[in-house]
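Q: Once you've had a glance at the structure underneath, I'll fire off some questions.
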Amino acid sequence: MGLNRPITIGRIDYTNVWPIFHYAEEQLPADRFIIDRRVPSALNTAMQRGEIDITSMSSFAYAQYADSFLLLPDLSVSAAGRVNSILLITKEPLEKVLKGTIALTSTSATSVNLLKILMSLYYKASPDYITMDPSLDEMLGSADAALLIGDPAIQASWRSEGFTVIDLGELWRSWTGLGMTFALFAVHKAAAAAYPKAVSQVLQALTDS
């Protein structure tokens, strides 16, 4: 790692992380910190490859590569129940969906695996899955239901064509009694060791925001 290079910070490109980043960016000089906006699955890959130093990332992806990262404390995208942006949208009755096909958004890691757990253990079902870009119309043109996250999920929930909308945060809570953490904030161990002051500055800025 170069001694004077800027620190790259990954930002999930969805509204639900806006409170954590909006004011933080004002406190992080552009000549020393680069904000890289991507969807969660792209940030997960970039973090794994070492292209980003600090990022908001899928909790599932963090667990996969936890030996390489450190968590930043007290920062996450979490919900104690309904989350309003992790949605299974069905055009068919649920009974058909459970035996049919579900289109999974290509932008997610945590929510995809959460849905598969719910399908297998809660519904005792084994639907087929296909992965698609997050377009509700195209997804429902190819499948009986669509899993969307972030802004596409929020926007889809505003539509009134008679779809059934299942909030995965709410379903998880009703089944387990637990909240759900969809995304966390992590730093590469190598970056934390090389640039402790910069990492501390990022953590303070995110926490203040």
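Identifiers in this document derive from the order of the structure tokens: chains are assigned A, B, ..., residues are numbered from 1 separately in each chain, and ligands are numbered from 1 in order of occurrence.
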Please extract the residues of range 111-186 of chain A with a backbone DSSP assignment of helix (DSSP H, G or I) and present them as a ChimeraX atom specification.

A: /A:111-122,136-142,150-157,168-176

Q: Can you list, as a ChimeraX atom specification, every protein, DNA or RNA residue that comes within 6 Å of Pro40 in chain A when you count only C-alpha atoms, leaving out same-chain residues fewer than 5 positions away?

A: /A:12,57,107-108

Q: Need to verify the contact set: range 201-206 of chain A, 10 Å, only C-alpha atoms, exclusion of same-chain residues closer than 5 positions in sequence. Can you return it as a ChimeraX atom specification?

A: /A:7,9,19-28,33,54,72-75,185,187,196

Q: Extract, using only C-alpha atoms, all DNA, RNA and protein residues at most 8 Å from range 188-193 of chain A, discarding same-chain residues fewer than 6 positions from it, and format them as an NGL selection string.

A: :A and (47 or 50 or 53-54 or 68-70 or 199)

Q: Give the strand (DSSP E) residues of range 36-169 of chain A, as assigned by DSSP on the backbone, as a PyMOL selection string.

A: chain A and resi 36-38+54-58+69-79+86-90+101-105+128-132+145-149+164-167

Q: Need to verify the contact set: range 87-103 of chain A, 6 Å, only C-alpha atoms, exclusion of same-chain residues closer than 6 positions in sequence. Can you return it as a list in words?

A: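 Everything that qualifies: Ala125, Pro127, Asp128, Tyr129, Ile130, Thr131, Met139, Ala143, Asp144, Ala145, Ala146, Leu147, Leu148, Phe163, Thr164, Val165, Ile166, Asp167 and Leu168 of chain A.
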
Q: Would you pick out the contacts of Leu184 in chain A at 8 Å or less, using only C-alpha atoms, so that residues sharing its chain but fewer than 2 positions from it are not included, and give the list as JSON, numbers by chain?

A: {"A": [56, 57, 58, 59, 62, 71, 72, 75, 76, 77, 181, 182, 186]}

Q: Convert the current residue selection to file output with all heavy atoms, as a compact mmCIF listing (two decimals), in the first residue's frame.

A:
```
# COMPACT_ATOMS: atom_id res chain seq x y z
N SER A 56 -19.62 -0.19 3.40
CA SER A 56 -20.86 -0.83 3.82
C SER A 56 -21.03 -2.05 2.92
O SER A 56 -20.86 -1.96 1.71
CB SER A 56 -22.04 0.13 3.66
OG SER A 56 -22.02 0.78 2.40
N MET A 57 -21.32 -3.20 3.51
CA MET A 57 -21.36 -4.43 2.73
C MET A 57 -22.40 -5.39 3.30
O MET A 57 -22.82 -5.26 4.46
CB MET A 57 -19.99 -5.10 2.71
CG MET A 57 -19.51 -5.63 4.04
SD MET A 57 -17.80 -6.28 3.99
CE MET A 57 -17.94 -7.56 2.75
N SER A 58 -22.80 -6.35 2.49
CA SER A 58 -23.76 -7.35 2.92
C SER A 58 -23.22 -8.11 4.12
O SER A 58 -22.06 -8.51 4.15
CB SER A 58 -24.05 -8.33 1.79
OG SER A 58 -24.55 -7.69 0.65
N SER A 59 -24.07 -8.32 5.13
CA SER A 59 -23.62 -9.05 6.31
C SER A 59 -23.23 -10.48 5.95
O SER A 59 -22.31 -11.06 6.54
CB SER A 59 -24.70 -9.03 7.39
OG SER A 59 -25.93 -9.50 6.90
N TYR A 62 -19.74 -10.35 4.57
CA TYR A 62 -18.77 -10.15 5.66
C TYR A 62 -18.47 -11.49 6.33
O TYR A 62 -17.30 -11.82 6.59
CB TYR A 62 -19.29 -9.15 6.69
CG TYR A 62 -18.47 -9.19 7.95
CD1 TYR A 62 -17.23 -8.57 8.01
CD2 TYR A 62 -18.90 -9.92 9.07
CE1 TYR A 62 -16.44 -8.64 9.14
CE2 TYR A 62 -18.11 -10.00 10.20
CZ TYR A 62 -16.89 -9.37 10.23
OH TYR A 62 -16.10 -9.46 11.35
N LEU A 71 -14.87 -5.15 11.78
CA LEU A 71 -16.13 -4.41 11.78
C LEU A 71 -15.94 -3.03 12.39
O LEU A 71 -15.22 -2.87 13.37
CB LEU A 71 -17.20 -5.16 12.57
CG LEU A 71 -17.83 -6.38 11.92
CD1 LEU A 71 -18.87 -6.98 12.86
CD2 LEU A 71 -18.47 -6.01 10.59
N LEU A 72 -16.61 -2.03 11.81
CA LEU A 72 -16.72 -0.73 12.45
C LEU A 72 -17.91 -0.79 13.40
O LEU A 72 -19.00 -1.24 13.02
CB LEU A 72 -16.93 0.37 11.41
CG LEU A 72 -15.81 0.55 10.38
CD1 LEU A 72 -16.12 1.76 9.48
CD2 LEU A 72 -14.46 0.73 11.04
N LEU A 75 -22.57 0.62 13.53
CA LEU A 75 -23.05 1.07 12.23
C LEU A 75 -23.58 -0.13 11.46
O LEU A 75 -22.87 -1.13 11.29
CB LEU A 75 -21.93 1.72 11.42
CG LEU A 75 -21.32 3.00 11.97
CD1 LEU A 75 -20.04 3.34 11.22
CD2 LEU A 75 -22.31 4.15 11.86
N SER A 76 -24.82 -0.05 10.98
CA SER A 76 -25.38 -1.17 10.21
C SER A 76 -26.66 -0.71 9.53
O SER A 76 -27.20 0.35 9.83
CB SER A 76 -25.67 -2.37 11.11
OG SER A 76 -26.76 -2.10 11.99
N VAL A 77 -27.13 -1.54 8.61
CA VAL A 77 -28.48 -1.41 8.08
C VAL A 77 -29.26 -2.56 8.69
O VAL A 77 -29.11 -3.72 8.29
CB VAL A 77 -28.50 -1.49 6.54
CG1 VAL A 77 -29.95 -1.44 6.02
CG2 VAL A 77 -27.68 -0.36 5.94
N THR A 181 -29.90 -7.97 10.63
CA THR A 181 -28.88 -7.05 10.13
C THR A 181 -28.58 -7.41 8.68
O THR A 181 -28.06 -8.48 8.41
CB THR A 181 -27.61 -7.11 10.98
OG1 THR A 181 -27.92 -6.64 12.30
CG2 THR A 181 -26.50 -6.24 10.38
N PHE A 182 -28.90 -6.50 7.78
CA PHE A 182 -28.74 -6.75 6.36
C PHE A 182 -27.36 -6.32 5.85
O PHE A 182 -26.81 -6.95 4.96
CB PHE A 182 -29.83 -6.01 5.57
CG PHE A 182 -31.21 -6.52 5.88
CD1 PHE A 182 -31.99 -5.90 6.84
CD2 PHE A 182 -31.72 -7.62 5.22
CE1 PHE A 182 -33.25 -6.38 7.14
CE2 PHE A 182 -32.99 -8.10 5.51
CZ PHE A 182 -33.76 -7.47 6.48
N ALA A 186 -17.32 -2.42 7.33
CA ALA A 186 -16.08 -3.15 7.61
C ALA A 186 -14.90 -2.43 6.97
O ALA A 186 -15.03 -1.67 6.02
CB ALA A 186 -16.18 -4.58 7.07
```

Q: Pick out the residues sitting within 7 Å of Asp36 in chain A, and hand them over as JSON, numbers by chain; count only C-alpha atoms, and ignore anything fewer than 3 positions along from it in its own chain.

A: {"A": [8, 9, 10, 11]}

Q: Those residues you just picked out, can you put them in a file as a PDB file, in the first residue's frame with C-alpha atoms?

A:
```pdb
ATOM      1  CA  THR A   8     -11.526   4.444  -0.756  1.00  0.00           C
ATOM      2  CA  ILE A   9     -14.880   4.134   0.991  1.00  0.00           C
ATOM      3  CA  GLY A  10     -17.680   2.030  -0.442  1.00  0.00           C
ATOM      4  CA  ARG A  11     -21.200   3.388  -0.124  1.00  0.00           C
TER       5      ARG A  11
END
```

Q: Could you tell me how far CA of Ser120 in chain A sits from CA of Arg173 in chain A, in Å to one decimal place?

A: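 Distance between the two atoms: 16.4 Å.
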
Q: CA of Asn16 in chain A and CA of Gly150 in chain A are how many Å apart?

A: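 CA of Gly150 in chain A lies at a distance of 7.0 Å from CA of Asn16 in chain A.
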